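Undergrad: Enclosed is the structure file model-v8.txt (compact mmCIF, C-alpha atoms and all ligand atoms).
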```txt
# COMPACT_ATOMS: atom_id res chain seq x y z
CA MET A 1 75.44 148.53 80.81
CA GLU A 2 77.48 150.79 83.12
CA GLU A 3 75.66 149.22 85.99
CA ILE A 4 76.75 145.76 84.88
CA PHE A 5 80.40 146.75 84.69
CA SER A 6 80.29 148.08 88.23
CA LYS A 7 78.59 144.86 89.33
CA ILE A 8 81.47 142.90 87.82
CA ASN A 9 83.92 145.07 89.70
CA GLN A 10 82.16 144.50 92.97
CA ALA A 11 81.74 140.71 92.60
CA LYS A 12 83.13 138.98 95.66
CA ASN A 13 83.72 135.52 94.23
CA THR A 14 83.61 133.49 91.02
CA THR A 15 80.11 132.22 91.78
CA GLU A 16 78.76 135.79 91.81
CA LEU A 17 80.67 136.44 88.62
CA GLU A 18 79.02 133.47 86.93
CA GLU A 19 75.59 134.76 87.99
CA ILE A 20 76.36 138.07 86.31
CA ARG A 21 77.48 136.29 83.15
CA ILE A 22 74.22 134.34 83.01
CA SER A 23 72.11 137.44 83.62
CA VAL A 24 73.74 139.12 80.61
CA MET A 25 74.74 136.38 78.19
CA GLY A 26 72.64 133.41 79.28
CA LYS A 27 69.56 132.21 77.36
CA LYS A 28 67.39 134.83 79.05
CA GLY A 29 70.19 137.36 79.44
CA SER A 30 69.75 141.07 78.77
CA LEU A 31 72.34 141.20 75.99
CA THR A 32 71.04 137.98 74.46
CA ALA A 33 67.63 139.63 74.26
CA LYS A 34 69.10 142.69 72.52
CA PHE A 35 70.75 140.44 69.92
CA ALA A 36 67.44 138.67 69.40
CA ALA A 37 65.66 142.00 68.89
CA LEU A 38 67.94 142.78 65.94
CA LYS A 39 65.70 140.79 63.65
CA ASN A 40 62.94 143.41 64.06
CA CYS A 41 65.15 146.32 62.87
CA ASP A 42 65.51 147.48 59.31
CA GLU A 43 68.74 146.76 57.42
CA ALA A 44 70.56 150.07 58.12
CA GLN A 45 69.67 150.08 61.83
CA LYS A 46 70.61 146.43 62.10
CA LYS A 47 74.12 147.09 60.79
CA THR A 48 75.03 149.87 63.26
CA LEU A 49 73.26 148.27 66.19
CA ALA A 50 74.86 144.89 65.58
CA LYS A 51 78.28 146.54 65.54
CA GLU A 52 77.57 148.31 68.82
CA LEU A 53 76.25 145.16 70.45
CA ASN A 54 79.26 143.12 69.37
CA LEU A 55 81.64 145.75 70.80
CA LEU A 56 79.69 145.73 74.02
CA LYS A 57 79.82 141.95 74.15
CA MET A 58 83.57 141.96 73.68
CA GLU A 59 84.08 144.54 76.42
CA PHE A 60 81.82 142.59 78.73
CA GLU A 61 83.68 139.35 78.11
CA LYS A 62 87.02 141.04 78.66
CA ALA A 63 85.91 142.59 81.97
CA LEU A 64 84.51 139.25 83.03
CA ALA A 65 87.74 137.40 82.21
CA ASN A 66 89.93 139.93 84.03
CA LYS A 67 87.81 139.80 87.15
CA LYS A 68 87.66 136.03 86.99
CA GLU A 69 91.43 135.76 86.93
CA GLU A 70 91.73 138.08 89.91
CA LEU A 71 89.08 136.23 91.92
CA SER A 72 90.38 132.72 91.05
CA PHE A 73 93.85 133.67 92.25
CA LYS A 74 92.42 135.06 95.48
CA GLU A 75 90.31 131.92 96.04
CA LEU A 76 93.29 129.64 95.40
CA GLN A 77 95.38 131.56 97.93
CA GLU A 78 92.61 131.29 100.51
CA LYS A 79 92.24 127.57 99.88
CA LEU A 80 95.98 126.94 100.21
CA GLN A 81 96.07 128.95 103.40
CA ALA A 82 93.17 126.96 104.86
CA GLN A 83 94.69 123.59 103.94
CA LYS A 84 98.20 124.38 105.12
CA ILE A 85 99.77 121.52 107.09
CA ASP A 86 102.20 122.30 109.85
CA VAL A 87 104.70 119.48 109.52
CA SER A 88 106.42 120.51 112.73
CA LEU A 89 103.30 119.83 114.82
CA PHE A 90 103.59 117.11 117.48
CA SER A 91 102.04 113.79 116.44
CA SER A 92 100.65 111.22 118.81
CA CYS A 93 101.14 108.41 116.25
CA SER A 94 104.53 107.02 117.21
CA PHE A 95 104.69 103.84 115.10
CA LYS A 96 107.68 103.94 112.82
CA GLY A 97 108.29 101.35 110.13
CA SER A 98 110.90 98.69 110.81
CA ASN A 99 112.75 95.97 108.98
CA HIS A 100 111.22 92.53 108.98
CA PRO A 101 113.06 90.16 111.37
CA ILE A 102 114.02 87.91 108.44
CA MET A 103 115.65 90.88 106.71
CA LEU A 104 117.37 91.93 109.95
CA MET A 105 118.82 88.43 110.28
CA LEU A 106 119.76 88.31 106.60
CA ASP A 107 121.60 91.62 106.99
CA ARG A 108 123.61 90.28 109.93
CA ILE A 109 124.56 87.11 108.09
CA VAL A 110 125.56 89.02 104.96
CA GLU A 111 127.56 91.49 107.08
CA TYR A 112 129.71 88.66 108.45
CA PHE A 113 130.49 87.15 105.06
CA LEU A 114 131.19 90.54 103.49
CA SER A 115 133.75 91.13 106.24
CA MET A 116 135.34 87.81 105.19
CA ASN A 117 135.64 88.96 101.57
CA PHE A 118 132.72 86.94 100.15
CA MET A 119 130.88 88.40 97.15
CA ILE A 120 127.08 88.45 97.03
CA LYS A 121 125.45 86.69 94.06
CA THR A 122 121.79 86.35 93.11
CA GLY A 123 119.94 84.32 90.49
CA PRO A 124 116.48 83.50 89.11
CA LEU A 125 113.70 82.06 91.30
CA VAL A 126 112.32 80.05 88.36
CA GLU A 127 115.03 77.56 87.52
CA ASP A 128 115.62 74.71 85.11
CA ASP A 129 116.26 71.12 86.11
CA PHE A 130 119.93 71.33 85.15
CA HIS A 131 120.86 74.20 87.49
CA ASN A 132 118.67 73.14 90.41
CA PHE A 133 119.44 69.39 90.28
CA GLU A 134 121.54 67.81 87.52
CA ALA A 135 124.61 70.01 87.80
CA LEU A 136 124.50 69.48 91.56
CA ASN A 137 125.03 65.76 91.12
CA LEU A 138 121.31 65.00 91.30
CA PRO A 139 120.51 63.19 88.04
CA LYS A 140 116.89 62.38 87.11
CA TYR A 141 115.33 59.66 89.32
CA HIS A 142 118.09 60.10 91.93
CA PRO A 143 116.43 59.22 95.26
CA ALA A 144 117.95 62.29 96.94
CA ARG A 145 115.61 64.47 94.86
CA ASP A 146 112.95 63.47 97.36
CA MET A 147 114.85 65.42 100.03
CA GLN A 148 113.27 68.53 98.52
CA ASP A 149 109.60 68.55 97.52
CA THR A 150 109.60 70.59 94.36
CA PHE A 151 107.03 72.90 92.75
CA TYR A 152 107.11 72.13 89.01
CA PHE A 153 105.67 74.16 86.12
CA LYS A 154 104.01 72.47 83.15
CA ASP A 155 107.02 73.20 80.90
CA GLY A 156 109.41 71.34 83.22
CA LYS A 157 110.77 74.51 84.85
CA LEU A 158 110.59 74.70 88.64
CA LEU A 159 110.77 77.06 91.60
CA ARG A 160 114.29 76.73 92.96
CA THR A 161 114.37 74.50 96.03
CA HIS A 162 117.65 75.94 97.28
CA THR A 163 120.01 78.76 96.29
CA SER A 164 122.67 76.28 95.09
CA PRO A 165 121.76 76.90 91.40
CA VAL A 166 123.22 80.40 91.86
CA GLN A 167 126.55 78.72 92.67
CA ILE A 168 126.33 76.68 89.44
CA ARG A 169 125.50 79.81 87.43
CA THR A 170 128.42 81.67 89.00
CA MET A 171 130.87 78.83 88.26
CA GLU A 172 129.58 78.68 84.67
CA SER A 173 130.21 82.37 84.15
CA GLN A 174 133.55 82.89 85.88
CA LYS A 175 136.82 81.15 86.64
CA PRO A 176 138.16 80.33 90.11
CA PRO A 177 138.99 81.66 92.62
CA ILE A 178 135.38 82.09 93.77
CA ARG A 179 134.30 83.30 97.18
CA MET A 180 130.58 83.95 97.23
CA ILE A 181 127.35 83.75 99.16
CA CYS A 182 123.92 83.60 97.59
CA PRO A 183 121.12 84.87 99.84
CA GLY A 184 117.54 84.54 98.62
CA ASN A 185 114.17 82.91 98.88
CA VAL A 186 113.53 79.29 97.97
CA PHE A 187 110.43 77.14 97.60
CA ARG A 188 109.40 73.68 98.74
CA CYS A 189 106.02 72.01 98.75
CA ASP A 190 105.79 71.74 102.51
CA TYR A 191 103.68 73.38 105.22
CA ASP A 192 103.61 72.66 108.95
CA LEU A 193 104.88 74.07 112.26
CA THR A 194 108.51 74.07 111.12
CA HIS A 195 108.13 74.43 107.32
CA THR A 196 106.66 77.10 105.04
CA PRO A 197 106.42 76.77 101.24
CA MET A 198 108.69 79.81 100.84
CA PHE A 199 111.68 80.47 103.04
CA HIS A 200 115.11 82.10 102.89
CA GLN A 201 118.54 80.59 102.56
CA VAL A 202 122.09 81.76 102.49
CA GLU A 203 124.49 79.39 100.79
CA GLY A 204 128.20 79.90 100.41
CA LEU A 205 130.82 78.60 97.98
CA VAL A 206 134.59 78.85 97.95
CA VAL A 207 136.63 77.45 95.05
CA GLU A 208 140.39 77.75 94.58
CA ASN A 209 142.72 76.55 91.83
CA GLY A 210 144.60 73.39 92.80
CA LYS A 211 143.40 70.04 94.13
CA ASP A 212 144.53 70.64 97.70
CA SER A 213 144.10 74.39 98.08
CA VAL A 214 140.85 74.25 100.05
CA SER A 215 140.15 71.66 102.71
CA PHE A 216 137.51 70.72 105.21
CA ALA A 217 139.65 72.50 107.85
CA ASN A 218 139.05 75.85 106.08
CA LEU A 219 135.33 75.16 106.03
CA LYS A 220 135.37 74.21 109.70
CA PHE A 221 137.16 77.42 110.66
CA ILE A 222 134.82 79.79 108.81
CA LEU A 223 131.61 78.15 110.06
CA GLU A 224 132.77 78.03 113.68
CA ASP A 225 133.83 81.66 113.50
CA PHE A 226 130.53 82.59 111.85
CA LEU A 227 128.41 80.85 114.51
CA LYS A 228 130.38 82.54 117.30
CA TYR A 229 129.85 85.90 115.57
CA MET A 230 126.10 85.25 115.37
CA PHE A 231 125.39 83.59 118.72
CA GLY A 232 128.33 84.35 120.99
CA ASP A 233 130.25 81.69 122.87
CA VAL A 234 128.72 78.46 121.51
CA LYS A 235 130.26 75.03 121.09
CA VAL A 236 130.20 73.73 117.51
CA ARG A 237 130.28 70.15 116.25
CA PHE A 238 130.33 68.62 112.76
CA ARG A 239 128.23 65.51 112.27
CA SER A 240 128.90 63.35 109.23
CA SER A 241 125.97 63.52 106.79
CA TYR A 242 125.02 63.25 103.13
CA PHE A 243 124.41 65.84 100.40
CA PRO A 244 124.73 64.82 96.73
CA PHE A 245 126.77 67.94 95.87
CA THR A 246 129.39 67.65 98.62
CA GLU A 247 131.81 64.91 99.64
CA PRO A 248 132.54 64.57 102.49
CA SER A 249 129.36 66.21 103.86
CA ALA A 250 128.43 67.28 107.35
CA GLU A 251 125.64 68.84 109.35
CA VAL A 252 126.70 71.47 111.85
CA ASP A 253 125.27 71.64 115.37
CA MET A 254 125.86 74.32 117.97
CA SER A 255 125.29 73.99 121.69
CA CYS A 256 121.74 75.05 122.58
CA ILE A 257 121.68 78.82 123.21
CA PHE A 258 118.70 78.50 125.56
CA CYS A 259 119.90 75.83 128.01
CA LYS A 260 123.66 76.14 127.31
CA GLY A 261 123.77 72.46 126.38
CA GLU A 262 121.91 71.20 129.49
CA GLY A 263 118.92 69.99 127.47
CA CYS A 264 115.56 71.79 127.07
CA ARG A 265 112.38 71.77 124.99
CA VAL A 266 113.90 73.79 122.11
CA CYS A 267 116.81 71.36 121.59
CA SER A 268 114.60 68.32 122.24
CA HIS A 269 116.71 67.68 125.37
CA THR A 270 119.83 66.92 123.30
CA GLY A 271 121.73 70.10 124.20
CA TRP A 272 122.41 70.68 120.47
CA LEU A 273 120.73 72.69 117.69
CA GLU A 274 121.24 71.77 114.05
CA VAL A 275 121.98 74.95 112.10
CA LEU A 276 123.94 74.31 108.87
CA GLY A 277 124.66 71.83 106.08
CA CYS A 278 128.08 71.79 104.47
CA GLY A 279 130.85 69.84 102.79
CA CYS A 280 133.66 69.84 100.25
CA VAL A 281 132.35 70.34 96.71
CA SER A 282 131.88 67.06 94.85
CA GLU A 283 134.05 66.30 91.81
CA ASN A 284 130.83 65.68 89.84
CA VAL A 285 129.71 69.28 90.43
CA PHE A 286 133.04 70.62 89.15
CA LYS A 287 132.73 68.32 86.11
CA ALA A 288 129.25 69.71 85.34
CA VAL A 289 130.58 73.28 85.13
CA GLY A 290 133.80 72.33 83.33
CA TYR A 291 136.20 73.02 86.20
CA GLU A 292 139.42 70.97 86.47
CA ASN A 293 142.13 70.77 89.11
CA VAL A 294 140.24 72.83 91.70
CA SER A 295 139.02 72.31 95.26
CA GLY A 296 136.30 73.98 97.26
CA TYR A 297 133.74 73.92 100.01
CA ALA A 298 130.06 74.87 100.25
CA PHE A 299 127.55 75.42 103.01
CA GLY A 300 123.92 76.36 103.39
CA LEU A 301 121.62 77.65 106.12
CA GLY A 302 117.98 78.60 106.63
CA VAL A 303 117.49 82.24 107.61
CA GLU A 304 114.14 81.61 109.33
CA ARG A 305 115.74 79.06 111.62
CA PHE A 306 118.50 81.50 112.55
CA ALA A 307 115.95 84.25 113.18
CA MET A 308 113.77 81.95 115.34
CA LEU A 309 116.78 81.09 117.49
CA ALA A 310 118.30 84.57 117.68
CA TYR A 311 115.00 86.36 118.40
CA SER A 312 113.32 83.54 120.39
CA VAL A 313 110.37 83.24 118.02
CA PRO A 314 108.68 79.91 118.79
CA ASP A 315 106.49 79.58 115.66
CA LEU A 316 107.88 79.95 112.15
CA ARG A 317 104.53 81.17 110.86
CA ALA A 318 104.87 84.36 112.94
CA PHE A 319 107.24 85.63 110.22
CA PHE A 320 104.63 85.39 107.49
CA GLU A 321 101.43 86.54 109.18
CA SER A 322 102.20 90.30 109.20
CA ASP A 323 100.96 90.65 112.79
CA LEU A 324 101.99 94.19 113.80
CA ARG A 325 102.24 93.19 117.48
CA ILE A 326 105.12 90.92 116.53
CA LEU A 327 106.73 93.19 113.93
CA GLU A 328 106.64 96.22 116.28
CA GLN A 329 109.05 94.40 118.58
CA PHE A 330 111.79 94.61 115.97
CA GLN A 331 112.03 98.40 115.67
N1 LIG A 401 121.57 73.01 99.27
C1 LIG A 401 121.40 72.43 100.57
C2 LIG A 401 119.94 72.48 100.96
O1 LIG A 401 119.24 73.36 100.50
C3 LIG A 401 122.24 73.09 101.62
C4 LIG A 401 123.69 72.83 101.44
C5 LIG A 401 124.45 73.68 100.69
C6 LIG A 401 124.28 71.71 102.00
C7 LIG A 401 125.78 73.43 100.49
C8 LIG A 401 125.60 71.46 101.83
C9 LIG A 401 126.37 72.29 101.09
O2 LIG A 401 119.47 71.69 101.71
```
Starting from the file, give its structure as structure tokens.
TA:
Amino acid sequence: MEEIFSKINQAKNTTELEEIRISVMGKKGSLTAKFAALKNCDEAQKKTLAKELNLLKMEFEKALANKKEELSFKELQEKLQAQKIDVSLFSSCSFKGSNHPIMLMLDRIVEYFLSMNFMIKTGPLVEDDFHNFEALNLPKYHPARDMQDTFYFKDGKLLRTHTSPVQIRTMESQKPPIRMICPGNVFRCDYDLTHTPMFHQVEGLVVENGKDSVSFANLKFILEDFLKYMFGDVKVRFRSSYFPFTEPSAEVDMSCIFCKGEGCRVCSHTGWLEVLGCGCVSENVFKAVGYENVSGYAFGLGVERFAMLAYSVPDLRAFFESDLRILEQFQ
């Protein structure tokens, strides 16, 4: 047995230790055999021998456990040493993550309106008919509903087609004055070169107490200032248009940033690019949210369109295809 204890002491690793354990305590182990031989002894012999064997077994197990702890610790240290990573080593992989161009553009837009004291509001993507249409002066069967091809759910709910419902929800939950923008993604059943079924909008709403507090002139100032902030020295014009939720309504054009108004392929040789929809908030919208004796303006823009113009991206789909060659250019 002495020999076995010295073997344990000299074991170099846990595998050797396990071999020793098997040679002593395994099915064909030396100690196992001694225990088995007990059945051939007479009663008195059996008693003393069994006691001795049990003591021996306990000592053996203790020695084994102690050595195992020592060797396991040593092996762990060796393993950690071998797997150590030098984080200060030079790496040849230089690709860093970057923001998506849509998010970059969204950040710039939001930055402008924050500087003009607008609050940022968000709302649900799955909307009800009231918030997406009715409250915005678009009753059922109104022909202007066809302006936006809508994704409907079986229960009558829908994917919001614009972020305007956030304006309704904000007006329902707080009193004027309101000065807010609602950035977010919106959904329309449309897919071609210039439309994707999901895209991003930023809409804005300003409401003040008093019938004449806010006018089209205020709207005109903020949008002109905004477009100059985004695109530099551009000319801006307001073209009379129609939206059910605003009256009067206008579409906003800026002089083409590529040809400076001379006429080119991007502006279809008109010299102008259409970039925003806007107007003074319709009385019917105020009625739907229970507002009286107020005035306000609203506007809306597509973030993808702004990003295409600002970053000269010719195809809208480039934003949604996750092509690293395109995304890497926005680091
Ligand atoms: N909600 C309009 C759209 O999605 C944009 C808009 C907002 C137009 C506010 C005018 C005023 O098309």
Undergrad: Neighbours of ligand LIG 401 (chain A) within 6 Å, counting only C-alpha atoms and all ligand atoms, as a count of residues only?
TA: 10
Undergrad: Please, what is the axis-aligned box for every listed atom of segment 74-81 of chain A with 3 Å on each side, as centre and edge lengths in Å to one decimal, as lines of an AutoDock Vina configuration file?
TA:
```
center_x = 93.2
center_y = 131.0
center_z = 99.4
size_x = 11.8
size_y = 14.1
size_z = 14.0
```
Undergrad: Have a look at A:Gly156, A:Gly204, A:Pro139, A:Pro177 and name the one nearest to Tyr297 of chain A; count all atoms listed in the file.
TA: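 Residue with the minimum atom-to-atom distance to Tyr297 of chain A: A:Gly204.
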Undergrad: Find the residues around Asp233 of chain A up to 10 Å (only C-alpha atoms counted), leave out those fewer than 2 positions away in its own chain, and share them as a ChimeraX atom specification.
TA: /A:227-231,235-236,254-255,257,260
Undergrad: How would the residues just picked look written out with C-alpha atoms as a PDB file, keeping the file's coordinate frame?
TA:
```
ATOM      1  CA  LEU A 227     128.410  80.850 114.510  1.00  0.00           C
ATOM      2  CA  LYS A 228     130.380  82.540 117.300  1.00  0.00           C
ATOM      3  CA  TYR A 229     129.850  85.900 115.570  1.00  0.00           C
ATOM      4  CA  MET A 230     126.100  85.250 115.370  1.00  0.00           C
ATOM      5  CA  PHE A 231     125.390  83.590 118.720  1.00  0.00           C
ATOM      6  CA  LYS A 235     130.260  75.030 121.090  1.00  0.00           C
ATOM      7  CA  VAL A 236     130.200  73.730 117.510  1.00  0.00           C
ATOM      8  CA  MET A 254     125.860  74.320 117.970  1.00  0.00           C
ATOM      9  CA  SER A 255     125.290  73.990 121.690  1.00  0.00           C
ATOM     10  CA  ILE A 257     121.680  78.820 123.210  1.00  0.00           C
ATOM     11  CA  LYS A 260     123.660  76.140 127.310  1.00  0.00           C
TER      12      LYS A 260
END
```
Undergrad: Identify the residues around (119.8, 73.5, 83.2) within a radius of 12 Å, measuring from all atoms listed in the file in the coordinates stated by the file, and give them as a PyMOL selection string.
TA: chain A and resi 126-136+138-139+156-158+160+165-166+168-169+172+288-289
Undergrad: Have a look at atom CA of Pro143 of chain A and atom CA of Arg237 of chain A and let me know their distance in Å, one decimal.
TA: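 Rounded to one decimal, the two atoms are 27.4 Å apart.
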Undergrad: Quick one: pull the distance between atom CA of Glu274 of chain A and atom CA of Val252 of chain A, Å, one decimal.
TA: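 One can read the atom CA of Glu274 of chain A to atom CA of Val252 of chain A distance as 5.9 Å.
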Undergrad: If you count all atoms listed in the file, which residues fall within 10 Å of Arg317 of chain A, apart from same-chain ones fewer than 2 positions away, as a CSV table (one decimal) with C-alpha atoms, in the coordinates of the input?
TA:
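Output file out-v1.csv follows:
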```csv
chain,number,residue,atom,x,y,z
A,191,TYR,CA,103.7,73.4,105.2
A,192,ASP,CA,103.6,72.7,109.0
A,193,LEU,CA,104.9,74.1,112.3
A,194,THR,CA,108.5,74.1,111.1
A,195,HIS,CA,108.1,74.4,107.3
A,196,THR,CA,106.7,77.1,105.0
A,304,GLU,CA,114.1,81.6,109.3
A,313,VAL,CA,110.4,83.2,118.0
A,314,PRO,CA,108.7,79.9,118.8
A,315,ASP,CA,106.5,79.6,115.7
A,319,PHE,CA,107.2,85.6,110.2
A,320,PHE,CA,104.6,85.4,107.5
A,321,GLU,CA,101.4,86.5,109.2
A,322,SER,CA,102.2,90.3,109.2
```
Undergrad: Fewer than 3 positions away in the same chain doesn't count, so skip those; otherwise give me all residues within 8 Å of segment 104-117 of chain A, counting all atoms listed in the file, as an MDAnalysis selection string.
TA: chainID A and resid 99:101 120 179 181 183 226 229:230 303 306:307
Undergrad: Could you write out that same residue set with C-alpha atoms as a CSV table (one decimal), in the coordinates of the input?
TA:
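In the end it all went to part18.csv:
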```
chain,number,residue,atom,x,y,z
A,99,ASN,CA,112.8,96.0,109.0
A,100,HIS,CA,111.2,92.5,109.0
A,101,PRO,CA,113.1,90.2,111.4
A,120,ILE,CA,127.1,88.4,97.0
A,179,ARG,CA,134.3,83.3,97.2
A,181,ILE,CA,127.4,83.8,99.2
A,183,PRO,CA,121.1,84.9,99.8
A,226,PHE,CA,130.5,82.6,111.8
A,229,TYR,CA,129.8,85.9,115.6
A,230,MET,CA,126.1,85.2,115.4
A,303,VAL,CA,117.5,82.2,107.6
A,306,PHE,CA,118.5,81.5,112.6
A,307,ALA,CA,116.0,84.2,113.2
```
Undergrad: What does the structure give for the distance between atom CA of Thr163 of chain A and atom CA of Gln329 of chain A, in Å to one decimal?
TA: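 Calculated distance between atom CA of Thr163 of chain A and atom CA of Gln329 of chain A is 29.4 Å.
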Undergrad: Give the answer as one residue: which of A:Cys189, A:Lys74, A:Ile20, A:Glu59 has the shortest atom-to-atom distance to Thr150 of chain A, using only C-alpha atoms?
TA: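 Closest candidate: A:Cys189.
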Undergrad: Looking at only C-alpha atoms, which of A:Leu159, A:Val206, A:Cys259, A:Leu17 is the one that sits closest to Glu70 of chain A?
TA: A:Leu17
Undergrad: Have a look at A:Ala37, A:Val202, A:Val294, A:Cys280 and name the one nearest to Cys182 of chain A; count all atoms listed in the file.
TA: A:Val202
Undergrad: Using all atoms listed in the file, which residue out of A:Leu327, A:Val275, A:Cys267, A:Ala144 lies closest to Ala250 of chain A?
TA: A:Val275
Undergrad: Skip Ala63 of chain A itself and residues of its chain fewer than 3 positions away, then list as a CSV table (one decimal) with C-alpha atoms, keeping the file's coordinate frame all residues within 12 Å of it, counting all atoms listed in the file.
TA:
```
chain,number,residue,atom,x,y,z
A,2,GLU,CA,77.5,150.8,83.1
A,4,ILE,CA,76.8,145.8,84.9
A,5,PHE,CA,80.4,146.8,84.7
A,6,SER,CA,80.3,148.1,88.2
A,7,LYS,CA,78.6,144.9,89.3
A,8,ILE,CA,81.5,142.9,87.8
A,9,ASN,CA,83.9,145.1,89.7
A,10,GLN,CA,82.2,144.5,93.0
A,11,ALA,CA,81.7,140.7,92.6
A,17,LEU,CA,80.7,136.4,88.6
A,20,ILE,CA,76.4,138.1,86.3
A,21,ARG,CA,77.5,136.3,83.2
A,56,LEU,CA,79.7,145.7,74.0
A,57,LYS,CA,79.8,142.0,74.2
A,58,MET,CA,83.6,142.0,73.7
A,59,GLU,CA,84.1,144.5,76.4
A,60,PHE,CA,81.8,142.6,78.7
A,66,ASN,CA,89.9,139.9,84.0
A,67,LYS,CA,87.8,139.8,87.2
A,68,LYS,CA,87.7,136.0,87.0
A,69,GLU,CA,91.4,135.8,86.9
A,70,GLU,CA,91.7,138.1,89.9
```
Undergrad: Find the residues near segment 30-34 of chain A: any atom within 10 Å, counting all atoms listed in the file, skip ones fewer than 3 places away on the same chain, and give them as a PyMOL selection string.
TA: chain A and resi 1+22-27+37-39+49-50+53-54+56-57+60
Undergrad: Between A:Asn218, A:Ile85, A:Glu16, A:Pro124, which has the minimum distance to Leu71 of chain A (counting all atoms listed in the file)?
TA: A:Glu16
